[in-house]
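Participant: What follows is work02.txt, compact mmCIF, C-alpha atoms.
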```txt
# COMPACT_ATOMS: atom_id res chain seq x y z
CA MET N 186 0.00 0.00 0.00
CA LYS N 187 0.96 3.64 -0.33
CA PHE N 188 1.23 5.59 2.90
CA GLU N 189 -0.05 9.07 3.72
CA ALA N 190 2.20 9.94 6.66
CA VAL N 191 5.27 8.89 8.61
CA ILE N 192 5.62 8.67 12.38
CA PHE N 193 9.09 8.48 13.92
CA ASP N 194 10.47 7.45 17.26
CA MET N 195 13.16 9.84 18.55
CA ASP N 196 15.84 8.47 20.90
CA GLY N 197 18.06 5.90 19.22
CA LEU N 198 16.40 6.44 15.85
CA LEU N 199 16.67 10.13 14.96
CA LEU N 200 19.05 11.04 17.78
CA ASP N 201 22.19 9.27 18.99
CA SER N 202 21.05 9.62 22.60
CA GLU N 203 20.68 6.03 23.82
CA ARG N 204 24.42 5.35 24.03
CA PRO N 205 25.44 8.39 26.10
CA ILE N 206 22.49 7.91 28.45
CA ARG N 207 23.32 4.21 28.87
CA ASP N 208 27.00 4.96 29.41
CA ALA N 209 26.17 7.57 32.07
CA TRP N 210 24.08 5.05 34.01
CA VAL N 211 26.80 2.41 33.84
CA GLU N 212 29.42 4.97 34.95
CA VAL N 213 27.33 6.16 37.88
CA GLY N 214 26.68 2.56 38.86
CA ARG N 215 30.42 1.99 39.12
CA GLU N 216 30.77 5.13 41.24
CA LEU N 217 28.14 3.80 43.66
CA GLY N 218 29.47 0.26 43.67
CA VAL N 219 26.48 -1.08 41.72
CA VAL N 220 27.04 -3.38 38.76
CA LEU N 221 24.63 -2.36 36.00
CA GLU N 222 24.99 -4.84 33.19
CA VAL N 223 24.49 -3.49 29.68
CA ALA N 224 21.96 -6.27 29.07
CA THR N 225 19.98 -5.12 32.11
CA TYR N 226 20.00 -1.52 30.94
CA GLN N 227 18.77 -2.58 27.53
CA ARG N 228 15.50 -3.67 29.16
CA VAL N 229 14.57 -0.01 29.67
CA ILE N 230 14.98 1.01 26.02
CA GLY N 231 11.67 2.14 24.56
CA ARG N 232 9.97 2.17 27.99
CA THR N 233 8.13 4.97 29.77
CA MET N 234 9.95 6.87 32.50
CA LYS N 235 7.79 5.13 35.12
CA GLU N 236 8.90 1.74 33.83
CA VAL N 237 12.52 2.89 33.61
CA HIS N 238 12.39 3.94 37.26
CA ALA N 239 10.93 0.58 38.28
CA ILE N 240 13.52 -1.50 36.39
CA LEU N 241 16.57 0.51 37.47
CA GLY N 242 15.19 0.90 40.98
CA GLU N 243 15.42 -2.86 41.37
CA VAL N 244 19.09 -2.77 40.39
CA PHE N 245 20.19 0.17 42.55
CA GLY N 246 17.75 -0.09 45.43
CA VAL N 247 15.34 2.71 46.30
CA GLU N 248 17.73 5.08 48.10
CA ALA N 249 20.73 4.50 45.82
CA TYR N 250 18.51 4.85 42.76
CA GLN N 251 17.49 8.37 43.73
CA ARG N 252 21.15 9.37 44.14
CA ALA N 253 22.04 7.63 40.87
CA ALA N 254 19.23 9.33 38.92
CA SER N 255 20.32 12.74 40.23
CA ARG N 256 23.96 12.05 39.38
CA VAL N 257 23.07 10.82 35.86
CA ALA N 258 20.96 13.93 35.27
CA ASP N 259 23.84 16.17 36.36
CA MET N 260 26.30 14.24 34.18
CA LEU N 261 24.11 14.45 31.08
CA GLU N 262 23.39 18.13 31.76
CA ALA N 263 27.10 18.89 31.88
CA ARG N 264 27.89 16.89 28.77
CA HIS N 265 24.89 17.49 26.51
CA ALA N 266 22.70 20.37 27.71
CA ALA N 267 24.32 23.02 25.55
CA ARG N 268 24.45 21.20 22.22
CA GLY N 269 22.08 18.28 22.79
CA TYR N 270 22.44 14.91 21.09
CA ALA N 271 23.67 14.49 17.54
CA ALA N 272 21.25 13.48 14.81
CA LYS N 273 21.73 9.95 13.52
CA ALA N 274 23.23 9.49 10.06
CA GLY N 275 20.61 10.06 7.40
CA ALA N 276 18.01 11.69 9.67
CA HIS N 277 18.17 15.17 8.14
CA ASP N 278 18.29 13.85 4.58
CA LEU N 279 15.28 11.59 5.09
CA LEU N 280 13.19 14.31 6.69
CA ARG N 281 14.09 16.70 3.87
CA TRP N 282 13.10 14.06 1.31
CA LEU N 283 9.75 13.59 3.00
CA GLY N 284 9.20 17.35 3.01
CA GLY N 285 10.11 17.40 -0.67
CA ILE N 286 7.36 14.91 -1.51
CA GLU N 287 4.93 16.62 0.90
CA VAL N 288 4.49 13.73 3.32
CA ALA N 289 3.26 14.68 6.80
CA CYS N 290 5.64 13.71 9.61
CA GLY N 291 4.76 12.94 13.21
CA LEU N 292 6.77 11.86 16.23
CA ALA N 293 5.86 9.28 18.89
CA SER N 294 8.38 9.27 21.74
CA SER N 295 8.47 7.71 25.19
CA SER N 296 10.32 10.80 26.46
CA HIS N 297 8.49 13.68 28.11
CA ARG N 298 7.23 16.50 25.90
CA ASP N 299 9.71 19.08 27.15
CA LYS N 300 12.64 16.77 26.38
CA VAL N 301 11.22 15.93 22.96
CA GLU N 302 10.93 19.57 21.93
CA ARG N 303 14.31 20.55 23.36
CA ARG N 304 16.26 17.63 21.88
CA LEU N 305 14.68 17.98 18.44
CA ALA N 306 15.32 21.72 18.41
CA GLN N 307 18.96 21.27 19.42
CA ALA N 308 19.45 18.77 16.58
CA GLN N 309 17.67 21.14 14.17
CA LEU N 310 14.93 18.59 13.52
CA LEU N 311 11.90 20.13 15.24
CA ASP N 312 10.65 22.14 12.25
CA PHE N 313 10.28 18.99 10.14
CA PHE N 314 7.37 17.73 12.26
CA ASP N 315 3.67 18.42 11.85
CA ALA N 316 2.67 16.73 15.12
CA LEU N 317 4.34 15.46 18.29
CA ALA N 318 3.15 12.89 20.85
CA ALA N 319 5.14 12.23 24.03
CA GLY N 320 5.25 9.65 26.78
CA ASP N 321 3.79 11.95 29.42
CA GLU N 322 0.74 12.61 27.23
CA VAL N 323 -0.57 9.02 27.22
CA THR N 324 -1.71 6.55 29.86
CA HIS N 325 0.15 3.50 28.61
CA GLY N 326 3.66 3.58 27.20
CA LYS N 327 5.24 1.42 24.53
CA PRO N 328 4.73 -1.43 23.70
CA ALA N 329 1.09 -0.27 24.07
CA PRO N 330 -0.01 1.66 20.95
CA ASP N 331 -1.23 4.79 22.74
CA VAL N 332 1.52 7.23 21.75
CA TYR N 333 1.39 6.15 18.09
CA LEU N 334 -2.39 6.47 18.02
CA LEU N 335 -2.11 9.95 19.52
CA ALA N 336 0.46 11.00 16.92
CA ALA N 337 -1.77 9.74 14.10
CA GLU N 338 -4.77 11.53 15.59
CA ARG N 339 -2.84 14.79 15.75
CA LEU N 340 -1.78 14.34 12.13
CA GLY N 341 -5.39 13.67 11.16
CA VAL N 342 -4.41 10.44 9.42
CA ASP N 343 -5.78 6.91 9.82
CA PRO N 344 -3.12 4.89 11.71
CA ARG N 345 -3.29 2.22 9.02
CA ALA N 346 -2.12 4.80 6.49
CA CYS N 347 0.96 5.67 8.57
CA LEU N 348 4.43 4.20 8.17
CA ALA N 349 6.34 4.02 11.46
CA PHE N 350 10.11 4.20 11.96
CA GLU N 351 11.48 2.59 15.12
CA ASP N 352 14.77 1.38 16.57
CA SER N 353 13.54 -0.76 19.48
CA GLU N 354 11.44 -3.89 19.78
CA ASN N 355 9.06 -2.24 22.27
CA GLY N 356 8.56 0.66 19.90
CA ALA N 357 7.98 -1.64 16.95
CA ARG N 358 5.39 -3.59 18.95
CA ALA N 359 3.62 -0.32 19.79
CA ALA N 360 3.43 0.79 16.16
CA LEU N 361 2.30 -2.65 14.99
CA ALA N 362 -0.41 -2.67 17.67
CA ALA N 363 -1.58 0.69 16.32
CA GLY N 364 -2.11 -0.93 12.91
CA MET N 365 0.94 0.61 11.24
CA GLN N 366 3.61 -0.97 9.10
CA VAL N 367 7.08 -0.58 10.59
CA ILE N 368 10.57 0.18 9.32
CA LEU N 369 12.91 -1.05 12.04
CA VAL N 370 16.41 0.45 12.26
CA PRO N 371 18.01 -1.28 15.28
CA ASP N 372 20.29 0.79 17.48
CA LEU N 373 21.54 -0.83 20.71
CA VAL N 374 19.43 -3.98 20.62
CA GLN N 375 18.63 -6.33 17.77
CA PRO N 376 14.94 -7.34 17.58
CA GLY N 377 13.72 -10.85 18.27
CA GLU N 378 12.67 -13.03 15.37
CA GLU N 379 8.95 -12.55 15.98
CA VAL N 380 9.08 -8.76 15.73
CA ALA N 381 11.70 -8.73 12.98
CA ALA N 382 9.46 -10.91 10.81
CA GLN N 383 6.71 -8.28 10.99
CA CYS N 384 8.92 -5.32 10.04
CA MET N 385 11.16 -4.15 7.24
CA LEU N 386 14.72 -3.89 8.57
CA LEU N 387 17.20 -1.21 7.53
CA SER N 388 20.77 -0.88 8.77
CA SER N 389 20.48 2.93 8.91
CA LEU N 390 18.26 5.81 7.87
CA GLU N 391 20.62 6.58 5.03
CA GLY N 392 19.03 3.96 2.78
CA ALA N 393 15.47 5.18 3.33
CA PRO N 394 15.14 8.10 0.84
CA GLU N 395 15.60 5.87 -2.21
CA LEU N 396 12.59 3.83 -1.03
CA CYS N 397 10.28 6.82 -0.51
CA GLY N 398 8.85 6.70 -4.01
CA GLU N 399 7.79 3.09 -3.46
CA TRP N 400 6.32 3.81 -0.05
CA PHE N 401 4.41 6.97 -0.93
CA GLY N 402 3.89 6.81 -4.68
CA ARG N 403 5.16 10.36 -5.11
CA ARG N 404 8.11 11.95 -6.82
CA ARG N 405 10.16 14.56 -5.05
CA THR N 406 9.05 18.06 -6.04
CA VAL N 407 11.83 20.11 -4.44
```
Any chance you could put this one into structure tokens?
Facilitator:
Amino acid sequence: MKFEAVIFDMDGLLLDSERPIRDAWVEVGRELGVVLEVATYQRVIGRTMKEVHAILGEVFGVEAYQRAASRVADMLEARHAARGYAAKAGAHDLLRWLGGIEVACGLASSSHRDKVERRLAQAQLLDFFDALAAGDEVTHGKPAPDVYLLAAERLGVDPRACLAFEDSENGARAALAAGMQVILVPDLVQPGEEVAAQCMLLSSLEGAPELCGEWFGRRRTV
């Protein structure tokens, strides 16, 4: 089918933010004498902040987790507040291509709205989007479909006519549950066979523009 709109995830897909955030948590864990395995951290990718707190709280313990979260926030503020997180390879080119063929773009992120707007603006990506939906604007986070359904509603497009771009298995499950077809561009974690079989896999966003004509049935006008 030909699609009418695209809905993107943000962290790990458009922005190279998952690695520095993961590394900060692992570093702070070492400072506090807590071993945070990379595999354990990967469980939080694509989750709501409430779920992230629950998972990491089990690792650090309630009191140590509060200290760790504050330390991680300070570390990330010092390292990334001024310039933000870099855009992933191909992100700007793909969004420009979509603008050139007049395809509406939405965003469905697990992050809070203020972080979404700030991070996109710092990466010079915010102006490409016609609608945003954030994790603090829905009741259920990914892998529930809520944030994708909200993004589609704000775009005014039937979810079944939206193509979703994701990097995580939880995100892909959310978009699939919303009735969308999914382009999966794995970042830190490779998807399981079940989810991978339901998605189209790309190694990076750089290969996406050449497929836009097939996906949207439109030629670039600018």
Participant: If we count only C-alpha atoms, what is near segment 344-347 of chain N at a cut-off of 8 Å, once residues fewer than 3 positions away on the same chain are taken out, given as a list in words?
Facilitator: Lys187, Phe188, Glu189, Ala190, Val191, Ile192, Tyr333, Leu334, Ala337, Glu338, Ala363, Gly364, Met365 and Gln366 of chain N
Participant: Okay, now the selection with C-alpha atoms, as an mmCIF file, keeping the file's coordinate frame?
Facilitator:
```cif
data_model
loop_
_atom_site.group_PDB
_atom_site.id
_atom_site.type_symbol
_atom_site.label_atom_id
_atom_site.label_comp_id
_atom_site.auth_asym_id
_atom_site.auth_seq_id
_atom_site.Cartn_x
_atom_site.Cartn_y
_atom_site.Cartn_z
ATOM 1 C CA LYS N 187 0.960 3.640 -0.330
ATOM 2 C CA PHE N 188 1.230 5.590 2.900
ATOM 3 C CA GLU N 189 -0.050 9.070 3.720
ATOM 4 C CA ALA N 190 2.200 9.940 6.660
ATOM 5 C CA VAL N 191 5.270 8.890 8.610
ATOM 6 C CA ILE N 192 5.620 8.670 12.380
ATOM 7 C CA TYR N 333 1.390 6.150 18.090
ATOM 8 C CA LEU N 334 -2.390 6.470 18.020
ATOM 9 C CA ALA N 337 -1.770 9.740 14.100
ATOM 10 C CA GLU N 338 -4.770 11.530 15.590
ATOM 11 C CA ALA N 363 -1.580 0.690 16.320
ATOM 12 C CA GLY N 364 -2.110 -0.930 12.910
ATOM 13 C CA MET N 365 0.940 0.610 11.240
ATOM 14 C CA GLN N 366 3.610 -0.970 9.100
#
```
Participant: Set the distance at 12 Å and use only C-alpha atoms: which residues neighbour Ala306 of chain N once local chain neighbours fewer than 4 positions away are removed? I'd like the list as an NGL selection string.
Facilitator: :N and (200 or 266-272 or 299-302 or 310-314)
Participant: Hey, which of N:Glu354, N:Glu395, N:Glu379, N:Glu243 ends up closest to Leu283 of chain N? Count all atoms listed in the file.
Facilitator: N:Glu395
Participant: Using only C-alpha atoms, find the one residue out of N:Ser353, N:Phe193, N:Leu390, N:Val213 that sits nearest to Asp315 of chain N.
Facilitator: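 Comparing N:Ser353, N:Phe193, N:Leu390, N:Val213 against Asp315 of chain N, the winner is N:Phe193.
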Participant: Around (24.4, 14.4, 28.1) in the file's own coordinates, what residues are found within 7 Å if you use all atoms listed in the file, given back as number ranges by chain?
Facilitator: N: 205-206, 260-266, 269
